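What follows is query14.pdb (PDB, C-alpha atoms and all ligand atoms).
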ATOM      1  CA  MET Q   1     125.634  75.334  29.407
ATOM      2  CA  ILE Q   2     124.151  72.320  27.631
ATOM      3  CA  ASN Q   3     121.918  73.500  24.832
ATOM      4  CA  ILE Q   4     118.855  71.339  25.494
ATOM      5  CA  ASN Q   5     115.484  72.867  26.248
ATOM      6  CA  VAL Q   6     113.893  71.590  29.438
ATOM      7  CA  ILE Q   7     110.770  73.675  28.815
ATOM      8  CA  ASP Q   8     109.099  74.001  25.441
ATOM      9  CA  VAL Q   9     106.052  76.225  25.350
ATOM     10  CA  GLU Q  10     104.419  75.949  21.935
ATOM     11  CA  SER Q  11     101.902  78.566  20.760
ATOM     12  CA  VAL Q  12      99.968  78.778  24.024
ATOM     13  CA  SER Q  13      96.997  81.109  24.376
ATOM     14  CA  LYS Q  14      94.803  81.952  27.350
ATOM     15  CA  ARG Q  15      91.527  83.861  27.283
ATOM     16  CA  PHE Q  16      89.726  84.871  30.486
ATOM     17  CA  ASP Q  17      85.988  85.440  30.815
ATOM     18  CA  LEU Q  18      85.305  88.754  32.518
ATOM     19  CA  PRO Q  19      82.393  89.316  34.919
ATOM     20  CA  ASP Q  20      80.722  91.741  32.473
ATOM     21  CA  GLY Q  21      80.483  89.037  29.804
ATOM     22  CA  ARG Q  22      83.445  90.212  27.726
ATOM     23  CA  THR Q  23      86.655  88.208  27.284
ATOM     24  CA  PHE Q  24      90.297  89.151  27.717
ATOM     25  CA  ASP Q  25      93.212  87.585  25.844
ATOM     26  CA  ALA Q  26      95.915  87.421  28.528
ATOM     27  CA  VAL Q  27      98.379  85.247  26.552
ATOM     28  CA  LYS Q  28      98.395  85.240  22.762
ATOM     29  CA  SER Q  29     100.072  82.382  20.941
ATOM     30  CA  VAL Q  30     103.321  82.476  22.908
ATOM     31  CA  SER Q  31     106.218  80.113  22.269
ATOM     32  CA  LEU Q  32     109.250  79.843  24.545
ATOM     33  CA  GLN Q  33     112.240  77.534  24.624
ATOM     34  CA  ILE Q  34     113.982  77.498  27.981
ATOM     35  CA  PRO Q  35     117.436  75.866  28.059
ATOM     36  CA  LYS Q  36     118.177  73.247  30.705
ATOM     37  CA  GLY Q  37     120.168  74.679  33.598
ATOM     38  CA  SER Q  38     119.438  78.304  32.715
ATOM     39  CA  ILE Q  39     117.939  81.117  34.750
ATOM     40  CA  TYR Q  40     115.256  82.592  32.543
ATOM     41  CA  GLY Q  41     113.474  85.874  33.212
ATOM     42  CA  LEU Q  42     109.992  86.942  32.157
ATOM     43  CA  ILE Q  43     109.724  90.713  32.349
ATOM     44  CA  GLY Q  44     107.036  93.193  31.400
ATOM     45  CA  GLN Q  45     104.720  95.878  32.680
ATOM     46  CA  SER Q  46     101.955  95.116  35.169
ATOM     47  CA  GLY Q  47      99.150  93.212  33.439
ATOM     48  CA  ALA Q  48     101.368  92.117  30.522
ATOM     49  CA  GLY Q  49     100.604  88.436  31.170
ATOM     50  CA  LYS Q  50     103.847  87.287  32.841
ATOM     51  CA  SER Q  51     102.250  85.455  35.777
ATOM     52  CA  THR Q  52      99.663  83.813  33.563
ATOM     53  CA  LEU Q  53     102.437  82.607  31.260
ATOM     54  CA  LEU Q  54     104.442  81.286  34.232
ATOM     55  CA  ARG Q  55     101.388  79.484  35.634
ATOM     56  CA  ILE Q  56     100.806  77.917  32.226
ATOM     57  CA  ILE Q  57     104.206  76.203  32.495
ATOM     58  CA  ASN Q  58     102.985  73.946  35.330
ATOM     59  CA  LEU Q  59      99.384  74.069  34.135
ATOM     60  CA  LEU Q  60      98.147  75.907  37.230
ATOM     61  CA  GLU Q  61      96.526  77.824  34.395
ATOM     62  CA  ARG Q  62      95.527  75.492  31.560
ATOM     63  CA  PRO Q  63      96.049  77.100  28.147
ATOM     64  CA  ASP Q  64      93.098  77.162  25.742
ATOM     65  CA  SER Q  65      95.402  76.014  22.965
ATOM     66  CA  GLY Q  66      99.036  75.081  22.437
ATOM     67  CA  ARG Q  67     101.346  72.611  24.178
ATOM     68  CA  VAL Q  68     103.629  72.703  27.202
ATOM     69  CA  VAL Q  69     106.441  70.165  27.195
ATOM     70  CA  VAL Q  70     108.571  69.901  30.349
ATOM     71  CA  ASP Q  71     111.480  67.481  30.439
ATOM     72  CA  GLY Q  72     110.166  65.728  27.340
ATOM     73  CA  GLN Q  73     106.661  65.256  28.757
ATOM     74  CA  ASP Q  74     103.673  66.973  27.130
ATOM     75  CA  LEU Q  75     101.847  68.213  30.247
ATOM     76  CA  THR Q  76      98.842  69.361  28.234
ATOM     77  CA  ALA Q  77      98.199  65.761  27.155
ATOM     78  CA  LEU Q  78      98.461  64.127  30.591
ATOM     79  CA  PRO Q  79      95.503  62.842  32.585
ATOM     80  CA  LYS Q  80      95.083  64.403  36.059
ATOM     81  CA  SER Q  81      96.855  61.671  38.047
ATOM     82  CA  GLN Q  82      99.923  61.753  35.796
ATOM     83  CA  LEU Q  83      99.926  65.547  35.779
ATOM     84  CA  ARG Q  84     100.104  65.514  39.584
ATOM     85  CA  GLN Q  85     103.134  63.233  39.305
ATOM     86  CA  ALA Q  86     104.767  65.379  36.597
ATOM     87  CA  ARG Q  87     104.310  68.496  38.723
ATOM     88  CA  GLN Q  88     106.685  66.977  41.278
ATOM     89  CA  ASN Q  89     109.348  67.951  38.783
ATOM     90  CA  ILE Q  90     108.302  71.620  38.878
ATOM     91  CA  GLY Q  91     108.635  73.591  42.119
ATOM     92  CA  MET Q  92     107.030  76.999  42.537
ATOM     93  CA  ILE Q  93     107.518  79.987  44.818
ATOM     94  CA  PHE Q  94     105.344  83.085  45.158
ATOM     95  CA  GLN Q  95     105.660  86.738  46.121
ATOM     96  CA  GLN Q  96     103.747  86.213  49.402
ATOM     97  CA  PHE Q  97     105.601  82.964  50.285
ATOM     98  CA  ASN Q  98     102.340  80.954  50.816
ATOM     99  CA  LEU Q  99     103.598  79.144  53.927
ATOM    100  CA  LEU Q 100     101.339  77.290  56.355
ATOM    101  CA  GLN Q 101     101.219  79.685  59.316
ATOM    102  CA  ASN Q 102     100.299  77.070  61.939
ATOM    103  CA  ALA Q 103     103.084  74.708  60.935
ATOM    104  CA  THR Q 104     106.776  74.879  61.814
ATOM    105  CA  VAL Q 105     109.451  75.465  59.195
ATOM    106  CA  PHE Q 106     110.206  71.719  59.321
ATOM    107  CA  GLU Q 107     106.541  70.829  58.773
ATOM    108  CA  ASN Q 108     106.217  73.323  55.924
ATOM    109  CA  VAL Q 109     109.136  71.768  54.051
ATOM    110  CA  ALA Q 110     107.964  68.221  54.864
ATOM    111  CA  PHE Q 111     104.456  68.957  53.571
ATOM    112  CA  PRO Q 112     104.942  68.199  49.841
ATOM    113  CA  LEU Q 113     106.898  65.056  50.740
ATOM    114  CA  SER Q 114     104.211  63.614  53.001
ATOM    115  CA  LEU Q 115     101.551  64.548  50.446
ATOM    116  CA  HIS Q 116     103.100  62.524  47.630
ATOM    117  CA  GLY Q 117     104.681  59.095  47.620
ATOM    118  CA  LYS Q 118     105.186  56.624  50.386
ATOM    119  CA  ARG Q 119     108.242  57.951  52.164
ATOM    120  CA  SER Q 120     109.099  56.947  55.710
ATOM    121  CA  LYS Q 121     109.183  59.610  58.411
ATOM    122  CA  GLN Q 122     112.914  59.160  58.624
ATOM    123  CA  ASP Q 123     113.414  59.671  54.867
ATOM    124  CA  ILE Q 124     111.337  62.814  55.056
ATOM    125  CA  ALA Q 125     113.325  64.140  58.025
ATOM    126  CA  VAL Q 126     116.606  63.566  56.165
ATOM    127  CA  ARG Q 127     115.361  65.357  53.038
ATOM    128  CA  VAL Q 128     113.944  68.288  55.033
ATOM    129  CA  ALA Q 129     117.282  68.678  56.841
ATOM    130  CA  GLU Q 130     119.122  68.661  53.478
ATOM    131  CA  CYS Q 131     116.825  71.324  52.029
ATOM    132  CA  LEU Q 132     117.012  73.561  55.087
ATOM    133  CA  ALA Q 133     120.812  73.290  54.984
ATOM    134  CA  LEU Q 134     120.760  74.288  51.298
ATOM    135  CA  VAL Q 135     118.939  77.526  52.091
ATOM    136  CA  GLY Q 136     120.907  78.133  55.317
ATOM    137  CA  LEU Q 137     118.001  77.705  57.743
ATOM    138  CA  THR Q 138     118.942  74.585  59.702
ATOM    139  CA  GLU Q 139     118.627  76.514  62.964
ATOM    140  CA  LYS Q 140     115.060  77.603  62.212
ATOM    141  CA  ALA Q 141     113.509  74.140  61.762
ATOM    142  CA  GLN Q 142     111.280  74.472  64.830
ATOM    143  CA  SER Q 143     110.323  78.130  64.301
ATOM    144  CA  TYR Q 144     106.945  79.249  62.950
ATOM    145  CA  PRO Q 145     106.671  81.504  59.866
ATOM    146  CA  ALA Q 146     105.554  84.462  62.015
ATOM    147  CA  GLN Q 147     108.925  84.313  63.794
ATOM    148  CA  LEU Q 148     110.897  84.734  60.544
ATOM    149  CA  SER Q 149     111.931  87.713  58.424
ATOM    150  CA  GLY Q 150     110.555  88.053  54.881
ATOM    151  CA  GLY Q 151     113.787  86.763  53.362
ATOM    152  CA  GLN Q 152     113.814  83.756  55.695
ATOM    153  CA  LYS Q 153     110.183  82.994  54.833
ATOM    154  CA  GLN Q 154     111.043  83.046  51.129
ATOM    155  CA  ARG Q 155     113.996  80.727  51.762
ATOM    156  CA  VAL Q 156     111.655  78.291  53.570
ATOM    157  CA  ALA Q 157     109.406  78.453  50.507
ATOM    158  CA  ILE Q 158     112.440  77.677  48.324
ATOM    159  CA  ALA Q 159     113.356  74.704  50.567
ATOM    160  CA  ARG Q 160     109.764  73.446  50.337
ATOM    161  CA  ALA Q 161     109.780  73.760  46.542
ATOM    162  CA  LEU Q 162     113.106  71.911  46.368
ATOM    163  CA  ALA Q 163     112.127  69.032  48.643
ATOM    164  CA  PRO Q 164     110.691  66.758  45.908
ATOM    165  CA  ARG Q 165     113.914  67.290  43.851
ATOM    166  CA  PRO Q 166     112.385  69.240  40.947
ATOM    167  CA  GLN Q 167     114.348  69.970  37.773
ATOM    168  CA  VAL Q 168     112.499  73.226  37.274
ATOM    169  CA  MET Q 169     111.602  75.997  39.678
ATOM    170  CA  LEU Q 170     109.048  78.679  38.799
ATOM    171  CA  CYS Q 171     109.355  81.938  40.742
ATOM    172  CA  ASP Q 172     106.557  84.534  40.654
ATOM    173  CA  GLU Q 173     107.944  87.917  41.786
ATOM    174  CA  PRO Q 174     109.920  86.198  44.580
ATOM    175  CA  THR Q 175     111.619  89.369  45.829
ATOM    176  CA  SER Q 176     108.914  91.993  45.290
ATOM    177  CA  ALA Q 177     107.868  91.919  48.956
ATOM    178  CA  LEU Q 178     111.471  92.198  50.186
ATOM    179  CA  ASP Q 179     113.897  95.057  50.823
ATOM    180  CA  THR Q 180     117.139  95.384  48.855
ATOM    181  CA  GLY Q 181     119.412  93.557  51.329
ATOM    182  CA  THR Q 182     117.032  90.645  51.781
ATOM    183  CA  THR Q 183     116.471  90.479  48.026
ATOM    184  CA  ARG Q 184     120.212  89.932  47.634
ATOM    185  CA  THR Q 185     120.229  86.890  49.976
ATOM    186  CA  VAL Q 186     117.222  85.333  48.245
ATOM    187  CA  LEU Q 187     118.807  85.852  44.800
ATOM    188  CA  GLN Q 188     122.032  84.344  46.111
ATOM    189  CA  THR Q 189     120.084  81.288  47.325
ATOM    190  CA  LEU Q 190     118.427  80.893  43.915
ATOM    191  CA  ARG Q 191     121.797  81.234  42.179
ATOM    192  CA  GLU Q 192     123.325  78.525  44.402
ATOM    193  CA  ILE Q 193     120.435  76.164  43.717
ATOM    194  CA  ASN Q 194     120.906  76.695  40.006
ATOM    195  CA  GLU Q 195     124.672  76.201  40.187
ATOM    196  CA  LYS Q 196     124.871  73.354  42.723
ATOM    197  CA  LEU Q 197     121.799  71.360  41.716
ATOM    198  CA  GLY Q 198     121.415  72.375  38.065
ATOM    199  CA  VAL Q 199     117.787  73.370  38.654
ATOM    200  CA  THR Q 200     116.391  75.451  35.777
ATOM    201  CA  ILE Q 201     114.804  78.616  37.131
ATOM    202  CA  VAL Q 202     112.081  80.669  35.457
ATOM    203  CA  ILE Q 203     111.488  83.952  37.220
ATOM    204  CA  VAL Q 204     108.790  86.583  36.722
ATOM    205  CA  THR Q 205     109.916  89.988  37.874
ATOM    206  CA  HIS Q 206     109.394  93.654  37.172
ATOM    207  CA  GLU Q 207     112.755  94.485  38.789
ATOM    208  CA  LEU Q 208     115.422  95.004  36.121
ATOM    209  CA  ALA Q 209     118.161  94.730  38.755
ATOM    210  CA  VAL Q 210     116.992  91.178  39.485
ATOM    211  CA  VAL Q 211     117.241  90.281  35.797
ATOM    212  CA  GLN Q 212     120.681  91.787  35.560
ATOM    213  CA  ASP Q 213     121.902  90.032  38.721
ATOM    214  CA  LEU Q 214     120.448  86.637  38.071
ATOM    215  CA  CYS Q 215     119.191  85.816  34.586
ATOM    216  CA  ASP Q 216     120.983  84.260  31.606
ATOM    217  CA  ARG Q 217     118.144  84.919  29.177
ATOM    218  CA  VAL Q 218     115.034  87.016  29.253
ATOM    219  CA  ALA Q 219     111.732  87.313  27.399
ATOM    220  CA  VAL Q 220     109.948  90.664  27.318
ATOM    221  CA  VAL Q 221     106.164  90.258  27.559
ATOM    222  CA  GLU Q 222     103.838  92.987  26.269
ATOM    223  CA  GLY Q 223     100.076  92.702  25.889
ATOM    224  CA  GLY Q 224     100.149  88.913  26.217
ATOM    225  CA  GLU Q 225     102.897  88.433  23.621
ATOM    226  CA  VAL Q 226     106.647  87.860  23.784
ATOM    227  CA  VAL Q 227     107.980  90.853  21.881
ATOM    228  CA  GLU Q 228     111.685  90.217  22.416
ATOM    229  CA  GLU Q 229     113.977  87.470  23.730
ATOM    230  CA  PHE Q 230     117.722  87.747  24.344
ATOM    231  CA  ALA Q 231     120.766  86.654  26.333
ATOM    232  CA  VAL Q 232     121.312  89.182  29.120
ATOM    233  CA  ALA Q 233     125.091  89.194  28.544
ATOM    234  CA  ASP Q 234     124.631  90.075  24.854
ATOM    235  CA  GLU Q 235     125.011  93.835  24.841
ATOM    236  CA  THR Q 236     125.755  94.176  21.119
ATOM    237  CA  THR Q 237     122.566  92.939  19.417
ATOM    238  CA  PRO Q 238     120.172  95.923  19.215
ATOM    239  CA  ARG Q 239     117.191  95.742  21.572
ATOM    240  CA  HIS Q 240     113.749  96.637  20.265
ATOM    241  CA  SER Q 241     111.412  96.770  23.246
ATOM    242  CA  ALA Q 242     111.388  99.659  25.730
ATOM    243  CA  LEU Q 243     112.250  97.303  28.603
ATOM    244  CA  GLY Q 244     115.013  95.619  26.605
ATOM    245  CA  LYS Q 245     116.555  99.036  25.922
ATOM    246  CA  GLU Q 246     116.136 100.102  29.541
ATOM    247  CA  LEU Q 247     117.870  96.949  30.723
ATOM    248  CA  LEU Q 248     120.776  97.594  28.345
ATOM    249  CA  LEU Q 249     121.137 101.187  29.581
ATOM    250  CA  GLU Q 250     121.188  99.954  33.170
ATOM    251  CA  GLN Q 251     123.881  97.390  32.302
ATOM    252  CA  GLN Q 252     126.001 100.074  30.614
ATOM    253  CA  ARG Q 253     125.526 102.376  33.593
ATOM    254  CA  GLN Q 254     126.780  99.613  35.887
ATOM    255  CA  HIS Q 255     129.895  99.132  33.682
ATOM    256  CA  VAL Q 256     130.685 102.867  33.850
ATOM    257  CA  LEU Q 257     130.233 102.843  37.635
ATOM    258  CA  ARG Q 258     132.446  99.777  38.017
ATOM    259  CA  ASP Q 259     135.184 101.299  35.806
ATOM    260  CA  TRP Q 260     135.009 104.533  37.752
ATOM    261  CA  GLU Q 261     135.276 102.696  41.082
ATOM    262  CA  ALA Q 262     138.257 100.688  39.799
ATOM    263  CA  GLN Q 263     140.079 103.932  38.933
ATOM    264  CA  GLN Q 264     139.672 105.461  42.381
ATOM    265  CA  PRO Q 265     142.851 105.551  44.475
ATOM    266  CA  VAL Q 266     142.818 103.290  47.530
ATOM    267  CA  VAL Q 267     142.909 105.398  50.701
TER     268      VAL Q 267
HETATM  269  N1  LIG S 301      91.469  84.746  36.395
HETATM  270  C1  LIG S 301      91.441  85.863  35.659
HETATM  271  N2  LIG S 301      90.277  86.353  35.178
HETATM  272  C2  LIG S 301      90.252  87.468  34.420
HETATM  273  N3  LIG S 301      91.336  88.171  34.043
HETATM  274  C3  LIG S 301      92.524  87.732  34.512
HETATM  275  C4  LIG S 301      92.641  86.572  35.327
HETATM  276  N4  LIG S 301      93.965  86.390  35.631
HETATM  277  C5  LIG S 301      94.630  87.398  35.023
HETATM  278  N5  LIG S 301      93.782  88.192  34.352
HETATM  279  C6  LIG S 301      94.133  89.376  33.563
HETATM  280  O1  LIG S 301      95.116  89.005  32.624
HETATM  281  C7  LIG S 301      96.095  90.033  32.488
HETATM  282  C8  LIG S 301      97.472  89.464  32.746
HETATM  283  O2  LIG S 301      97.580  89.125  34.121
HETATM  284  P1  LIG S 301      98.945  88.627  34.752
HETATM  285  O3  LIG S 301      98.739  88.466  36.218
HETATM  286  O4  LIG S 301      99.420  87.461  33.987
HETATM  287  O5  LIG S 301      99.888  89.870  34.442
HETATM  288  P2  LIG S 301     101.331  90.206  34.999
HETATM  289  O6  LIG S 301     102.139  90.624  33.826
HETATM  290  O7  LIG S 301     101.849  89.073  35.812
HETATM  291  O8  LIG S 301     101.014  91.462  35.897
HETATM  292  P3  LIG S 301     101.550  91.861  37.372
HETATM  293  O9  LIG S 301     102.989  92.201  37.208
HETATM  294  O10 LIG S 301     100.704  93.039  37.719
HETATM  295  O11 LIG S 301     101.309  90.681  38.248
HETATM  296  C9  LIG S 301      95.721  91.138  33.458
HETATM  297  O12 LIG S 301      95.047  92.141  32.754
HETATM  298  C10 LIG S 301      94.783  90.446  34.424
HETATM  299  O13 LIG S 301      93.818  91.350  34.928
END
Show this structure as structure tokens.
Ligand SMILES: Nc1ncnc2c1ncn2[C@@H]1O[C@H](COP(=O)(O)OP(=O)(O)OP(=O)(O)O)[C@@H](O)[C@H]1O
Amino acid sequence: MININVIDVESVSKRFDLPDGRTFDAVKSVSLQIPKGSIYGLIGQSGAGKSTLLRIINLLERPDSGRVVVDGQDLTALPKSQLRQARQNIGMIFQQFNLLQNATVFENVAFPLSLHGKRSKQDIAVRVAECLALVGLTEKAQSYPAQLSGGQKQRVAIARALAPRPQVMLCDEPTSALDTGTTRTVLQTLREINEKLGVTIVIVTHELAVVQDLCDRVAVVEGGEVVEEFAVADETTPRHSALGKELLLEQQRQHVLRDWEAQQPVV
């Protein structure tokens, strides 16, 4: 992996105003460096600030202070029109897929392409076909979201996010609404996109199995702060956070299981 950071989050903070007049510090001076081409996990308990941090990366949530640099561009310094352009480089997918229900799969994937730029209908059709092929849904182009399984809907959302050729893809709990088998196909699709296209993936999840299956590096978020950051494959450096330790235990358990399976006689 090339050791260049495609995302540089520098000391970002976010405070929300609560209805009762108080304030809540959801993200507290967080810095993150995300290497180009990596799959980077943000994990933490519910309410830790993971989604807010993810949404800060494409400025869906504007930080009160700090900088967000994506692909060398300081998003926090851009005027609105240029920010819209820069966001083309950052795709996003959500837990609930967020597809247009009254539009076909084809139209859903074409949507971001017709919204931005001056592409011909033919160009758009070619790109949509490419993206649907990438996620294995060529046959479903004329279906409506209601006719698809959860995993297929998420793969349409992935195709839609990929259509403008982003370098970065942000994923907010992309498999939380899916069962185990479907989760596996969606993770496989994300892995292929990372490997074939070199897209950097940042994924928020509370599922440790997802981290273990997919991520190269992970940041543990607690109370709006990153309390630990490590390479998932590094099982020798001591982990400090509860989730970091839990992840390590799960990895070791998987090794024991694998060794045990390998020793079983073939019948
Ligand atoms: N717009 C908002 N106004 C007020 N408080 C908010 C707002 N958005 C988020 N919060 C609060 O900020 C905290 C962090 O929220 P966030 O969604 O980032 O957490 P999370 O780690 O992603 O949690 P979950 O896994 O449950 O989605 C929570 O306590 C949440 O209630």
For range 239-248 of chain Q: contacts at 12 Å, only C-alpha atoms, fewer than 4 positions along chain excluded, given as an mmCIF file with C-alpha atoms, in the coordinates of the input:
data_model
loop_
_atom_site.group_PDB
_atom_site.id
_atom_site.type_symbol
_atom_site.label_atom_id
_atom_site.label_comp_id
_atom_site.auth_asym_id
_atom_site.auth_seq_id
_atom_site.Cartn_x
_atom_site.Cartn_y
_atom_site.Cartn_z
ATOM 1 C CA GLY Q 41 113.474 85.874 33.212
ATOM 2 C CA LEU Q 42 109.992 86.942 32.157
ATOM 3 C CA ILE Q 43 109.724 90.713 32.349
ATOM 4 C CA GLY Q 44 107.036 93.193 31.400
ATOM 5 C CA GLN Q 45 104.720 95.878 32.680
ATOM 6 C CA HIS Q 206 109.394 93.654 37.172
ATOM 7 C CA GLU Q 207 112.755 94.485 38.789
ATOM 8 C CA LEU Q 208 115.422 95.004 36.121
ATOM 9 C CA ALA Q 209 118.161 94.730 38.755
ATOM 10 C CA VAL Q 210 116.992 91.178 39.485
ATOM 11 C CA VAL Q 211 117.241 90.281 35.797
ATOM 12 C CA GLN Q 212 120.681 91.787 35.560
ATOM 13 C CA ASP Q 213 121.902 90.032 38.721
ATOM 14 C CA CYS Q 215 119.191 85.816 34.586
ATOM 15 C CA ARG Q 217 118.144 84.919 29.177
ATOM 16 C CA VAL Q 218 115.034 87.016 29.253
ATOM 17 C CA ALA Q 219 111.732 87.313 27.399
ATOM 18 C CA VAL Q 220 109.948 90.664 27.318
ATOM 19 C CA VAL Q 221 106.164 90.258 27.559
ATOM 20 C CA GLU Q 222 103.838 92.987 26.269
ATOM 21 C CA GLU Q 225 102.897 88.433 23.621
ATOM 22 C CA VAL Q 226 106.647 87.860 23.784
ATOM 23 C CA VAL Q 227 107.980 90.853 21.881
ATOM 24 C CA GLU Q 228 111.685 90.217 22.416
ATOM 25 C CA GLU Q 229 113.977 87.470 23.730
ATOM 26 C CA PHE Q 230 117.722 87.747 24.344
ATOM 27 C CA ALA Q 231 120.766 86.654 26.333
ATOM 28 C CA VAL Q 232 121.312 89.182 29.120
ATOM 29 C CA ALA Q 233 125.091 89.194 28.544
ATOM 30 C CA ASP Q 234 124.631 90.075 24.854
ATOM 31 C CA GLU Q 235 125.011 93.835 24.841
ATOM 32 C CA GLN Q 252 126.001 100.074 30.614
ATOM 33 C CA ARG Q 253 125.526 102.376 33.593
ATOM 34 C CA GLN Q 254 126.780 99.613 35.887
ATOM 35 C CA HIS Q 255 129.895 99.132 33.682
#
Report as AutoDock Vina command-line options the centre and the edge lengths, in Å to one decimal, of the axis-aligned box holding every listed atom of ligand LIG 301 (chain S), padded by 5 Å on each side.
--center_x 96.6 --center_y 88.9 --center_z 35.4 --size_x 22.7 --size_y 18.3 --size_z 15.8
- [ ] Could you jot down the CA of Ser38 in chain Q to CA of Ala110 in chain Q separation for me, Å, one decimal place?
- [x] 26.9 Å
Please, which residues in chain Q fall within 6 Å of ligand LIG 301 (chain S) when counting only C-alpha atoms and all ligand atoms, and what is the closest atom pair and distance in Å to one decimal for each, ordered by chain then residue number, as JSON lines?
{"residue": "Q:Phe16", "atom": "CA", "partner": "S:LIG301", "partner_atom": "C2", "distance": 4.7}
{"residue": "Q:Asp17", "atom": "CA", "partner": "S:LIG301", "partner_atom": "C2", "distance": 5.9}
{"residue": "Q:Leu18", "atom": "CA", "partner": "S:LIG301", "partner_atom": "C2", "distance": 5.5}
{"residue": "Q:Ala26", "atom": "CA", "partner": "S:LIG301", "partner_atom": "O1", "distance": 4.5}
{"residue": "Q:Gln45", "atom": "CA", "partner": "S:LIG301", "partner_atom": "O6", "distance": 6.0}
{"residue": "Q:Ser46", "atom": "CA", "partner": "S:LIG301", "partner_atom": "O10", "distance": 3.5}
{"residue": "Q:Gly47", "atom": "CA", "partner": "S:LIG301", "partner_atom": "O8", "distance": 3.5}
{"residue": "Q:Ala48", "atom": "CA", "partner": "S:LIG301", "partner_atom": "O6", "distance": 3.7}
{"residue": "Q:Gly49", "atom": "CA", "partner": "S:LIG301", "partner_atom": "O4", "distance": 3.2}
{"residue": "Q:Lys50", "atom": "CA", "partner": "S:LIG301", "partner_atom": "O6", "distance": 3.9}
{"residue": "Q:Ser51", "atom": "CA", "partner": "S:LIG301", "partner_atom": "O7", "distance": 3.6}
{"residue": "Q:Thr52", "atom": "CA", "partner": "S:LIG301", "partner_atom": "O4", "distance": 3.7}
TODO: Pick out the closest residue to Ala177 in chain Q from this set: Q:Gln95, Q:Pro63, Q:Ala129, Q:Asn5. Count all atoms listed in the file.
DONE: Q:Gln95
- [ ] Give me the result of the PyMOL selection byres (((chain Q and resi 194) around 12) and not hetatm) on this file, residue by residue, as a ChimeraX atom specification.
- [x] /Q:1,36-40,134,158,162,166-169,187-193,195-202,214-216
Open item on the list: I need the residue nearest Val12 in chain Q from this list: Q:Gln142, Q:Gly224, Q:Lys121, Q:Asn108. Use all atoms listed in the file for the distance.
Closed with: Q:Gly224
Task: Result set, the PyMOL selection byres (((chain Q and resi 114) around 12) and not hetatm) on current file, as a ChimeraX atom specification - done: /Q:106-113,115-125,127-128,160,163-164
Open item on the list: Measuring between all atoms listed in the file, which one of Q:Leu178, Q:Leu99, Q:Leu54, Q:Ile7 shows the shortest distance to Ala157 in chain Q?
Closed with: Q:Leu99
- [ ] Given the file shown, enumerate the residues that the PyMOL selection byres (((chain Q and resi 33) around 9) and not hetatm) captures and present them as a PyMOL selection string.
- [x] chain Q and resi 5-10+31-32+34-35
